[in-house]
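Asker: This structure is in structure tokens; I'll ask about it shortly.
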Amino acid sequence: MQYLRHPDEFSAMVRVYLAKKNPQSTSLSDDWKYCYDMLGKVSRSFAAVIQNLGDELRDSICVFYLVLRALDTIEDDTTLDMAIKIPWMENFGTAVMCPEEFTFDCGFGDERLLLQNFRRVLVCFHSLKKEYQEIILDITERMSSGMREFFGKRITTMDDYNLYCHYVAGLVGVGLSKMFATSRLEDASYANMDSIANSMGLFLQKVNIIRDYLEDYNDKRYFWPDEIWKQYATDFGDFTDVKNSQQAVACLNHLVTDALSHATDCIAYLAGLRAPRNFNFCAIPQVMAMATLAEIYDNPRVFTSVVKIRRGLTAKMMLDVQDNGMQALCGWFEHYATAIAAKAKRRTDPGASAALSAATAVIDACRSHTRKGCDGVVSRFAAAVGLVSVVVIGASAFFKPPMALLAQ
């Protein structure tokens with residue numbers, strides 16, 4: 001029925017389906033075929049979003065993801081004794097550089113298979129250019145250290161929250177930016193753009209953390225910072241009681257406003273990308289996150305069900321961004337910031353003015369870039385070079401373990 005109400009979304013879904021392609025080539029070695037096959041098993045959404053990158057970046061980012069996923073699998077296995085887990089994580093970087101020492105075996109399902117056969121991934125890792133290997137190893141070791149820092153530690157303050165998101169998502173943005181610069185497809189300045197690259201990761205990660213309140217609460221995982229939610233409740237589970245809906249929504253909006261503060265950095269980062277394939281790889285998850293943020297703002301359903309944007313709308317936005325570049329991204333960001341602002345104007349609580357200010361800043365940034373002819377940064381005809389990928393809203397972050405939320 002939803003496609004009868006939104007026929008343009010149905011046509012977008014058809015176009016995406018018809019344009020799907022397998023990034024693999026018959027010339028790939030068995031180990032590379034294994035990597036792409038495993039990538040599709042442990043994260044179909046991420047496998048889709050990288051498929052149209054150029055060969056060099058696609059291969060490097062595929063391995064980057066699988067290495068981080070393997071690290072995450074060790075961290076995520078709650079059956080592992082800490083006396084085993086911590087040394088494994090401490091030695092993970094060494095094992096990556098010395099495949100014969102990689103003997104870790106834990107996790108469940110496809111993630112366990114990934115670890116059991118990880119030497120095949122490491123064969124591909126060692127075939128990458130040295131510059132990419134160094135980036136992957138550096139980010140992996142920094143992430144491992146950060147994950148270990150949060151073992152058994154509550155996310156108490158906003159500083160904890162931002163640091164945690166930096167370790168599990170911001171560092172991914174930093175690593176990707178360095179890869180872009182290394183490829184020479186982007187300006188060399190991206191190698192040192194850590195601050196706004198971090199914001200790219202934080203924006204995606206915080207949207208996931210906010211959206212997934214109910215799932216995480218049911219799994220006894222707590223990522224909302226005490227400093228915020230304790231202003232609205234005495235127990236983290238109080239928000240699931242409809243009697244506390246008003247306070248729950250106020251807390252939700254507080255966190256949405258914080259996440260929205262990263263959006264202007266995201267716009268600045270994306271505006272500087274000059275390679276259409278890189279732009280689409282980065283921009284599509286950001287647009288989906290912005291749409292999700294508008295959907296969950298002031299929405300009590302976050303505490304009773306899973307809130308998602310329609311798949312047809314996802315396809316429509318994805319294709320618009322691919323066809324029209326930065327102009328489309330600015331249009332969607334402004335559209336959803338305006339929706340948040342309209343909801344904030346209807347509220348009377350103190351947090352509403354902060355939300356309105358954050359939304360207005362995004363609208364102003366979008367209009368500023370539009371006036372500059374921002375679609376010139378990325379060709380309006382990016383789709384002509386085959387940039388069609390299937391993205392679902394879960395693609396906005398890398399993993400999501402119990403104590404270190406790395407995306408999915």
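Residue numbering restarts at 1 in every chain; chains get A, B, ... in the order shown in the structure tokens, and ligands count up from 1 in that same order.
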I want to know what sits within 12 Å of A:Tyr34, based on only C-alpha atoms, with residues of the same chain fewer than 6 positions away left out; could you give that as a ChimeraX atom specification?

Answerer: /A:24,28,40-41,62-63,66,113-114,117-124

Asker: Tell me, as a PyMOL selection string, which residues lie within 12 Å of A:Arg58, counting only C-alpha atoms; anything in the same chain fewer than 6 positions away does not count.

Answerer: chain A and resi 23-24+32+35-36+39+46-52+64-65+128+132+176+179-180+183+277-278+281

Asker: How would the residues just picked look written out with C-alpha atoms as a PDB file, in the first residue's frame?

Answerer:
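New file part-v3.pdb:
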```pdb
ATOM      1  CA  PRO A  23      31.713  -5.775  -7.579  1.00  0.00           C
ATOM      2  CA  GLN A  24      33.748  -8.914  -8.044  1.00  0.00           C
ATOM      3  CA  TRP A  32      39.863 -11.690  -2.637  1.00  0.00           C
ATOM      4  CA  CYS A  35      36.886 -11.285   1.340  1.00  0.00           C
ATOM      5  CA  TYR A  36      34.027  -9.926  -0.750  1.00  0.00           C
ATOM      6  CA  LEU A  39      31.879  -8.894   3.586  1.00  0.00           C
ATOM      7  CA  PHE A  46      28.240  -2.082   3.869  1.00  0.00           C
ATOM      8  CA  ALA A  47      29.093  -4.534   1.102  1.00  0.00           C
ATOM      9  CA  ALA A  48      26.574  -2.704  -1.063  1.00  0.00           C
ATOM     10  CA  VAL A  49      27.738   0.805  -0.292  1.00  0.00           C
ATOM     11  CA  ILE A  50      31.381   0.154  -1.205  1.00  0.00           C
ATOM     12  CA  GLN A  51      30.746  -1.796  -4.386  1.00  0.00           C
ATOM     13  CA  ASN A  52      31.078   1.164  -6.773  1.00  0.00           C
ATOM     14  CA  PHE A  64      39.684  -2.217   6.523  1.00  0.00           C
ATOM     15  CA  TYR A  65      36.130  -3.216   7.376  1.00  0.00           C
ATOM     16  CA  LEU A 128      47.675  -3.669  -0.409  1.00  0.00           C
ATOM     17  CA  TYR A 132      46.960   1.608   3.132  1.00  0.00           C
ATOM     18  CA  LEU A 176      38.787   6.693   5.470  1.00  0.00           C
ATOM     19  CA  MET A 179      42.759   6.612   2.494  1.00  0.00           C
ATOM     20  CA  PHE A 180      41.061   9.191   0.269  1.00  0.00           C
ATOM     21  CA  SER A 183      44.523   7.527  -3.309  1.00  0.00           C
ATOM     22  CA  ARG A 277      32.369   7.693  -6.256  1.00  0.00           C
ATOM     23  CA  ASN A 278      33.872   8.812  -2.966  1.00  0.00           C
ATOM     24  CA  PHE A 281      30.114   6.385  -0.585  1.00  0.00           C
TER      25      PHE A 281
END
```

Asker: Would you kindly return, as a PyMOL selection string, each protein, DNA or RNA residue with an atom no farther than 12 Å from any atom of A:Lys130, considering only C-alpha atoms and excluding same-chain residues fewer than 4 positions away?

Answerer: chain A and resi 60+97+125-126+134-137+179+182

Asker: Which of these residues is nearest to A:Arg371, using only C-alpha atoms: A:Gln327, A:Thr94, A:Ser144, A:Thr264?

Answerer: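 Looking at the shortest contact to A:Arg371, the residue is A:Gln327.
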
Asker: Which residue out of A:Gly175, A:Pro225, A:Gly146, A:Gly109 has the minimum interatomic distance to A:Met158 when only C-alpha atoms are used?

Answerer: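 Answer, going by the shortest atom-to-atom distance: A:Pro225.
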
Asker: Pull the closest atom pair for each residue of stretch 229-305 of chain A that gets at most 10 Å from stretch 204-217 of chain A, along with the distance in Å to one decimal, counting only C-alpha atoms, ordering rows by chain and then ascending residue number, as CSV.

Answerer:
```
residue,atom,partner,partner_atom,distance
A:Phe236,CA,A:Tyr217,CA,8.0
A:Gly237,CA,A:Tyr217,CA,7.1
A:Phe239,CA,A:Leu214,CA,9.2
A:Thr240,CA,A:Leu214,CA,7.8
A:Leu252,CA,A:Ile210,CA,7.2
A:Asn253,CA,A:Ile210,CA,9.5
A:Leu255,CA,A:Ile210,CA,7.1
A:Val256,CA,A:Ile210,CA,7.3
A:Asp258,CA,A:Lys206,CA,8.6
A:Ala259,CA,A:Lys206,CA,5.9
A:Leu260,CA,A:Val207,CA,8.9
A:His262,CA,A:Leu204,CA,9.4
A:Ala263,CA,A:Leu204,CA,9.7
A:Pro285,CA,A:Leu204,CA,7.7
A:Gln286,CA,A:Leu204,CA,6.8
A:Val287,CA,A:Leu204,CA,9.8
A:Met288,CA,A:Leu204,CA,9.1
A:Ala289,CA,A:Leu204,CA,6.1
A:Met290,CA,A:Val207,CA,8.3
A:Ala291,CA,A:Val207,CA,10.0
A:Thr292,CA,A:Val207,CA,7.3
A:Leu293,CA,A:Val207,CA,6.3
A:Glu295,CA,A:Arg211,CA,9.4
A:Ile296,CA,A:Arg211,CA,6.8
A:Tyr297,CA,A:Arg211,CA,9.6
A:Arg301,CA,A:Leu214,CA,9.6
A:Val302,CA,A:Arg211,CA,6.4
A:Phe303,CA,A:Leu214,CA,5.6
A:Thr304,CA,A:Leu214,CA,6.8
A:Ser305,CA,A:Leu214,CA,7.0
```

Asker: Do you have the atom CA of A:His369-atom CA of A:Ala197 distance handy?

Answerer: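 A separation of 18.6 Å between them.
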